[in-house]
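Trainee: Below: one structure in structure tokens.
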2 protein chains.
Amino acid sequence: MRYKAGLETRDRILEATRSSIAEVGLEGTTIKSICERANVLPGSFYNLFDSKEQAVITVVRGAIDAVDPDPDHLGTDTLADLVEAYITFLTEQGDLARVYIGIAVLGSSNNSELRGRMLRHHEGRVTRFAEAIQREHPDMSDGELKRRAETLVSALNGIALHRVLDKDFDIATHSRALLSGALNPL
Amino acid sequence: MRYKAGLETRDRILEATRSSIAEVGLEGTTIKSICERANVLPGSFYNLFDSKEQAVITVVRGAIDAVDPDPDHLGTDTLADLVEAYITFLTEQGDLARVYIGIAVLGSSNNSELRGRMLRHHEGRVTRFAEAIQREHPDMSDGELKRRAETLVSALNGIALHRVLDKDFDIATHSRALLSGALNPL
DNA sequence: CAGTAATTTGAGTGTTAACTCTAATTTGAA
DNA sequence: TTCAAATTAGAGTTAACACTCAAATTACTG
């Protein structure tokens, strides 16, 4: 049972955790950095969360959910829709996108809970892309569908990742280039 | 001036640092983990290196150099050659490849020395790819050349990165698919 | 076979991290 | 208004980290 004050503090702590991961990464995010951003003392943090990891996982779960704008999975997306949705997520949800990329790619190695969650998420994403390709190419074999989906999802992640290093990197143009065949102009 | 014993210890420490970064990442690599792998005590480590960071940078520099099998830059590589060289590096230099991907992508955020080094390396790599594209398409504009090179390098890194999460991921097939246009079979 | 310089030892230092605990304060239902 | 439960405060604990240092040992040179 929680009072209103506790729930508000909890929200502040999660927002602080999110911004801290986005700005300084998982490694740089400490109880101290979270508490300072949230204007809270360690005792309050541990009154609401069992561990730092619990707060981090809550934030990451939110980031994973935000990647997929159609959780109901209506099955009508085109490949271009999926790519555009990813571009939109990356460009419009700054902090969450940074958390997502940071963890998807690098942070999960230590933490088996996060790692498992991210791997399952990735599997689902590849399936989603494969189904979209199949809608456009009904005769393609399952193996080929999966292979193409994997290439595309990994390549998109590579592009998203580079933005973490270079703030001005134009994600949208590069992502669309993957689909338009601009890599192989022979 | 160093005795032979010291040089051998130095090699053991660098090899230990390399394998530690490859296995448990930069964050999991501690003086203790290095010294245990190298069969050395902390005092010996600090007799040969000024800091942990110095050993790490030495290892990373080796990984960066190993990516490029033609440092003389003869200017005769085709795009396919460059992609194949990267595939070879990733598949045949297991530990170094893991170090490279780990740092290129995630580890450099804390460390400005590493970050600067990696950014310069990336720039050089994009230029290299752009020149290879130009050799095949002499009429393409500089902007377009750079854009295509950036897309390709980032996408390749995304594919390489996914192998860190999934040991069985087939880097070679997916990397070649980027060039062959198999992403966009419309 | 000195003697000196390099190397190794391993206990020790200072710092910072996550997390705990008790007491004080605030909340809100009866 | 009362009072038990929820919340907050903040000093304190434990552990792990990078790194130091004086003494013991080993490697090479003349």
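Residues are referred to by chain and number: the chain letter is A, B, ... according to the order shown in the structure tokens, the number counts from 1 in that chain, and ligands are numbered separately from 1 in the order shown.
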For stretch 16-26 of chain C, work out the shell of residues within 9 Å, counting only C-alpha atoms (C1' of nucleotides) and skipping chain neighbours fewer than 4 positions away, then give it as a list in words.

Mentor: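 The neighbour list is Thr30, Ile31, Pro42, Gly43, Tyr46, Ser51 and Lys52 of chain A; DA6, DT7, DT8, DA9, DG12, DT13, DT14, DA15, DA16 and DC17 of chain D.
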
Trainee: Those same residues, written as a CSV table (one decimal), in the first residue's frame with C-alpha atoms (C1' of nucleotides)?

Mentor:
chain,number,residue,atom,x,y,z
A,30,THR,CA,24.8,5.4,-9.4
A,31,ILE,CA,22.4,5.6,-6.5
A,42,PRO,CA,19.2,6.8,-0.4
A,43,GLY,CA,16.8,5.8,2.4
A,46,TYR,CA,15.4,1.8,-0.9
A,51,SER,CA,17.8,-2.5,-5.6
A,52,LYS,CA,19.3,-0.2,-8.2
D,6,DA,C1',4.0,5.1,5.0
D,7,DT,C1',7.6,8.0,4.0
D,8,DT,C1',11.9,10.5,4.7
D,9,DA,C1',16.3,11.6,6.7
D,12,DG,C1',26.7,4.1,9.1
D,13,DT,C1',28.3,-0.6,7.1
D,14,DT,C1',30.5,-3.6,4.0
D,15,DA,C1',32.9,-4.7,0.0
D,16,DA,C1',35.4,-3.9,-4.1
D,17,DC,C1',38.1,-0.9,-6.6

Trainee: Near chain B, meaning an atom within 7 Å, which residues of chain A appear when counting only C-alpha atoms? Write them as a ChimeraX atom specification.

Mentor: /A:106,148,151-152,154-159,162,174,179-181,183-184

Trainee: Store the residues picked out above in a file with C-alpha atoms, as a JSON list (two decimals), in the first residue's frame.

Mentor:
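Saved file again22.json follows:
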[["chain", "number", "residue", "atom", "x", "y", "z"],
["A", 106, "LEU", "CA", 26.24, -3.01, -24.61],
["A", 148, "ARG", "CA", 16.90, -10.85, -44.47],
["A", 151, "THR", "CA", 20.37, -8.40, -41.56],
["A", 152, "LEU", "CA", 18.01, -5.46, -41.59],
["A", 154, "SER", "CA", 21.11, -5.56, -37.07],
["A", 155, "ALA", "CA", 22.01, -2.95, -39.65],
["A", 156, "LEU", "CA", 19.35, -0.59, -38.28],
["A", 157, "ASN", "CA", 20.74, -1.06, -34.79],
["A", 158, "GLY", "CA", 24.21, -0.26, -36.09],
["A", 159, "ILE", "CA", 22.93, 2.99, -37.52],
["A", 162, "HIS", "CA", 26.30, 5.40, -34.25],
["A", 174, "HIS", "CA", 20.79, 6.17, -43.49],
["A", 179, "LEU", "CA", 15.71, -0.26, -47.83],
["A", 180, "SER", "CA", 16.14, 1.69, -51.02],
["A", 181, "GLY", "CA", 19.15, -0.29, -52.13],
["A", 183, "LEU", "CA", 24.28, 0.58, -50.81],
["A", 184, "ASN", "CA", 24.71, -1.38, -54.00]]

Trainee: Taking only C-alpha atoms (C1' of nucleotides) into account, which of D:DC19, D:DA4, D:DA11, D:DA27 comes nearest C:DT13?

Mentor: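 Answer, going by the shortest atom-to-atom distance: D:DC19.
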
Trainee: For C:DA11, list every protein, DNA or RNA residue within 12 Å, evaluated using only C-alpha atoms (C1' of nucleotides), and leave out those in the same chain fewer than 4 positions away; present the list as JSON, numbers by chain.

Mentor: {"B": [41, 42, 43], "D": [20, 21, 22, 23]}

Trainee: Limited to C-alpha atoms (C1' of nucleotides), could you put the picked residues into a file as a compact mmCIF listing (two decimals), in the first residue's frame?

Mentor:
# COMPACT_ATOMS: atom_id res chain seq x y z
CA LEU B 41 50.52 -9.49 -8.34
CA PRO B 42 49.36 -5.87 -8.42
CA GLY B 43 52.83 -4.58 -7.62
C1' DT D 20 51.22 2.46 -3.36
C1' DC D 21 55.29 1.04 -1.03
C1' DA D 22 59.18 -0.99 1.44
C1' DA D 23 61.35 -5.09 1.60

Trainee: Output the contact residues of chain A with respect to chain D at a cut-off of 10 Å, based on only C-alpha atoms (C1' of nucleotides), as a count of residues only.

Mentor: 15

Trainee: Rounded to one decimal in Å, what is the spacing between atom CA of A:Ala80 and atom CA of A:Pro138?

Mentor: 16.6 Å

Trainee: Near chain B, which residues of chain C fall within 10 Å when you count only C-alpha atoms (C1' of nucleotides), and what do they look like as a list of chain:residue names?

Mentor: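 Going by the stated atoms only, the list reads C:DA5, C:DA6, C:DT7, C:DT8, C:DT9, C:DG10.
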
Trainee: Can you write out the residues you just picked, keeping N, CA and C atoms (P, O5', C5', C4', C3', O3' and C1' of nucleotides), as a compact mmCIF listing (two decimals), in the first residue's frame?

Mentor:
# COMPACT_ATOMS: atom_id res chain seq x y z
P DA C 5 72.35 1.45 -10.42
O5' DA C 5 71.27 1.11 -11.53
C5' DA C 5 71.61 0.23 -12.61
C4' DA C 5 70.52 -0.80 -12.83
C3' DA C 5 69.10 -0.24 -12.67
O3' DA C 5 68.37 -0.57 -13.83
C1' DA C 5 69.33 -2.25 -11.46
P DA C 6 66.89 -0.11 -14.08
O5' DA C 6 66.15 -1.52 -14.06
C5' DA C 6 66.60 -2.56 -14.93
C4' DA C 6 65.85 -3.82 -14.61
C3' DA C 6 64.33 -3.68 -14.61
O3' DA C 6 63.80 -4.77 -15.35
C1' DA C 6 65.05 -4.58 -12.54
P DT C 7 62.26 -4.89 -15.53
O5' DT C 7 61.86 -5.84 -14.32
C5' DT C 7 62.42 -7.14 -14.25
C4' DT C 7 61.95 -7.80 -12.98
C3' DT C 7 60.43 -7.89 -12.81
O3' DT C 7 60.08 -9.26 -12.89
C1' DT C 7 61.53 -7.33 -10.78
P DT C 8 58.51 -9.63 -12.89
O5' DT C 8 58.29 -9.94 -11.34
C5' DT C 8 59.02 -10.98 -10.72
C4' DT C 8 58.72 -11.00 -9.24
C3' DT C 8 57.22 -11.08 -8.89
O3' DT C 8 57.01 -12.28 -8.18
C1' DT C 8 58.35 -9.44 -7.57
P DT C 9 55.53 -12.71 -7.76
O5' DT C 9 55.47 -12.28 -6.23
C5' DT C 9 56.60 -12.50 -5.39
C4' DT C 9 56.42 -11.79 -4.07
C3' DT C 9 54.99 -11.82 -3.51
O3' DT C 9 54.98 -12.61 -2.34
C1' DT C 9 55.99 -9.65 -3.31
P DG C 10 53.72 -13.45 -1.96
O5' DG C 10 52.92 -12.39 -1.09
C5' DG C 10 53.56 -11.81 0.04
C4' DG C 10 52.78 -10.61 0.52
C3' DG C 10 51.25 -10.76 0.46
O3' DG C 10 50.70 -10.10 1.57
C1' DG C 10 51.86 -8.85 -0.66

Trainee: Which residue, A:Thr78, A:Asn39, A:Ser19, A:Thr127, has the smallest gap to A:Ala63 when you use only C-alpha atoms?

Mentor: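 Looking only at the distances to A:Ala63, the closest residue turns out to be A:Ser19.
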
Trainee: What is the distance between atom CA of B:Arg12 and atom CA of B:Ala38, in Å to one decimal?

Mentor: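 Atom CA of B:Ala38 lies at a distance of 5.3 Å from atom CA of B:Arg12.
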
Trainee: From stretch 61-129 of chain B, collect each residue whose DSSP state is alpha helix (DSSP H) and return the set as a ChimeraX atom specification.

Mentor: /B:61-67,79-92,94-105,112-129

Trainee: Export, as a short mmCIF file (atom, residue, chain, number, x, y, z; two decimals), in the first residue's frame, the selected residues with N, CA and C atoms.

Mentor:
data_model
loop_
_atom_site.label_atom_id
_atom_site.label_comp_id
_atom_site.auth_asym_id
_atom_site.auth_seq_id
_atom_site.Cartn_x
_atom_site.Cartn_y
_atom_site.Cartn_z
N ARG B 61 44.43 -0.19 -28.98
CA ARG B 61 45.18 0.27 -30.15
C ARG B 61 45.50 -0.93 -31.05
N GLY B 62 45.89 -2.04 -30.44
CA GLY B 62 46.17 -3.25 -31.22
C GLY B 62 44.93 -3.73 -31.97
N ALA B 63 43.78 -3.64 -31.32
CA ALA B 63 42.55 -4.10 -31.97
C ALA B 63 42.21 -3.20 -33.14
N ILE B 64 42.36 -1.90 -32.96
CA ILE B 64 42.07 -0.97 -34.05
C ILE B 64 42.98 -1.23 -35.24
N ASP B 65 44.27 -1.42 -34.96
CA ASP B 65 45.21 -1.66 -36.05
C ASP B 65 44.87 -2.95 -36.80
N ALA B 66 44.40 -3.95 -36.03
CA ALA B 66 44.13 -5.25 -36.64
C ALA B 66 42.94 -5.21 -37.59
N VAL B 67 42.08 -4.20 -37.46
CA VAL B 67 40.92 -4.10 -38.35
C VAL B 67 41.36 -3.85 -39.77
N LEU B 79 35.20 -2.29 -52.79
CA LEU B 79 34.28 -2.31 -51.65
C LEU B 79 34.17 -3.73 -51.10
N ALA B 80 34.09 -4.68 -52.02
CA ALA B 80 33.98 -6.08 -51.59
C ALA B 80 35.22 -6.51 -50.81
N ASP B 81 36.39 -6.03 -51.23
CA ASP B 81 37.62 -6.35 -50.49
C ASP B 81 37.54 -5.87 -49.06
N LEU B 82 37.07 -4.64 -48.90
CA LEU B 82 37.00 -4.05 -47.55
C LEU B 82 36.02 -4.82 -46.68
N VAL B 83 34.90 -5.19 -47.26
CA VAL B 83 33.92 -5.96 -46.48
C VAL B 83 34.50 -7.32 -46.12
N GLU B 84 35.14 -7.97 -47.07
CA GLU B 84 35.73 -9.28 -46.78
C GLU B 84 36.81 -9.18 -45.72
N ALA B 85 37.59 -8.10 -45.77
CA ALA B 85 38.65 -7.92 -44.77
C ALA B 85 38.05 -7.78 -43.37
N TYR B 86 36.94 -7.10 -43.29
CA TYR B 86 36.28 -6.94 -41.98
C TYR B 86 35.74 -8.27 -41.50
N ILE B 87 35.13 -9.02 -42.41
CA ILE B 87 34.62 -10.35 -42.05
C ILE B 87 35.76 -11.22 -41.54
N THR B 88 36.87 -11.19 -42.25
CA THR B 88 38.03 -12.00 -41.84
C THR B 88 38.50 -11.60 -40.45
N PHE B 89 38.62 -10.31 -40.24
CA PHE B 89 39.04 -9.84 -38.92
C PHE B 89 38.08 -10.34 -37.84
N LEU B 90 36.79 -10.20 -38.09
CA LEU B 90 35.80 -10.56 -37.06
C LEU B 90 35.81 -12.05 -36.78
N THR B 91 35.98 -12.85 -37.82
CA THR B 91 35.87 -14.29 -37.61
C THR B 91 37.18 -14.91 -37.14
N GLU B 92 38.30 -14.30 -37.52
CA GLU B 92 39.57 -14.96 -37.21
C GLU B 92 40.31 -14.38 -36.01
N GLY B 94 39.12 -13.55 -32.86
CA GLY B 94 38.06 -13.54 -31.87
C GLY B 94 38.18 -12.50 -30.77
N ASP B 95 39.22 -12.59 -29.96
CA ASP B 95 39.36 -11.69 -28.82
C ASP B 95 39.49 -10.23 -29.25
N LEU B 96 40.37 -10.00 -30.22
CA LEU B 96 40.56 -8.62 -30.66
C LEU B 96 39.26 -8.04 -31.22
N ALA B 97 38.53 -8.87 -31.93
CA ALA B 97 37.27 -8.39 -32.51
C ALA B 97 36.29 -8.01 -31.40
N ARG B 98 36.25 -8.81 -30.37
CA ARG B 98 35.36 -8.49 -29.25
C ARG B 98 35.78 -7.20 -28.55
N VAL B 99 37.08 -7.05 -28.39
CA VAL B 99 37.58 -5.80 -27.80
C VAL B 99 37.17 -4.62 -28.67
N TYR B 100 37.40 -4.78 -29.96
CA TYR B 100 37.11 -3.69 -30.89
C TYR B 100 35.64 -3.30 -30.85
N ILE B 101 34.78 -4.27 -30.99
CA ILE B 101 33.35 -3.98 -31.00
C ILE B 101 32.91 -3.43 -29.65
N GLY B 102 33.39 -4.04 -28.59
CA GLY B 102 33.00 -3.58 -27.26
C GLY B 102 33.34 -2.12 -27.05
N ILE B 103 34.54 -1.73 -27.45
CA ILE B 103 34.96 -0.35 -27.22
C ILE B 103 34.35 0.59 -28.24
N ALA B 104 34.35 0.16 -29.50
CA ALA B 104 33.87 1.03 -30.57
C ALA B 104 32.47 1.51 -30.24
N VAL B 105 31.76 0.63 -29.60
CA VAL B 105 30.34 0.80 -29.54
C VAL B 105 29.88 1.25 -28.18
N SER B 112 37.78 9.67 -22.54
CA SER B 112 37.88 10.57 -23.68
C SER B 112 39.05 10.19 -24.59
N GLU B 113 40.11 9.64 -24.01
CA GLU B 113 41.24 9.16 -24.82
C GLU B 113 40.77 8.10 -25.81
N LEU B 114 40.07 7.09 -25.28
CA LEU B 114 39.56 6.02 -26.14
C LEU B 114 38.54 6.54 -27.14
N ARG B 115 37.70 7.43 -26.65
CA ARG B 115 36.64 7.96 -27.50
C ARG B 115 37.22 8.70 -28.70
N GLY B 116 38.20 9.57 -28.45
CA GLY B 116 38.84 10.31 -29.52
C GLY B 116 39.51 9.37 -30.51
N ARG B 117 40.17 8.37 -29.98
CA ARG B 117 40.88 7.43 -30.85
C ARG B 117 39.89 6.70 -31.75
N MET B 118 38.80 6.27 -31.16
CA MET B 118 37.81 5.51 -31.93
C MET B 118 37.12 6.38 -32.97
N LEU B 119 36.83 7.64 -32.61
CA LEU B 119 36.18 8.53 -33.58
C LEU B 119 37.09 8.77 -34.79
N ARG B 120 38.37 9.00 -34.51
CA ARG B 120 39.31 9.21 -35.62
C ARG B 120 39.40 7.96 -36.49
N HIS B 121 39.43 6.82 -35.82
CA HIS B 121 39.48 5.56 -36.56
C HIS B 121 38.25 5.41 -37.46
N HIS B 122 37.10 5.74 -36.92
CA HIS B 122 35.86 5.62 -37.69
C HIS B 122 35.88 6.55 -38.90
N GLU B 123 36.31 7.77 -38.69
CA GLU B 123 36.43 8.72 -39.80
C GLU B 123 37.29 8.15 -40.93
N GLY B 124 38.46 7.63 -40.53
CA GLY B 124 39.37 7.06 -41.52
C GLY B 124 38.73 5.91 -42.27
N ARG B 125 37.97 5.14 -41.54
CA ARG B 125 37.33 3.97 -42.14
C ARG B 125 36.27 4.39 -43.15
N VAL B 126 35.51 5.40 -42.80
CA VAL B 126 34.47 5.90 -43.72
C VAL B 126 35.14 6.44 -45.00
N THR B 127 36.21 7.19 -44.81
CA THR B 127 36.93 7.72 -45.97
C THR B 127 37.41 6.58 -46.87
N ARG B 128 37.96 5.58 -46.25
CA ARG B 128 38.46 4.41 -46.99
C ARG B 128 37.36 3.76 -47.82
N PHE B 129 36.21 3.59 -47.21
CA PHE B 129 35.08 2.99 -47.92
C PHE B 129 34.59 3.92 -49.03
#
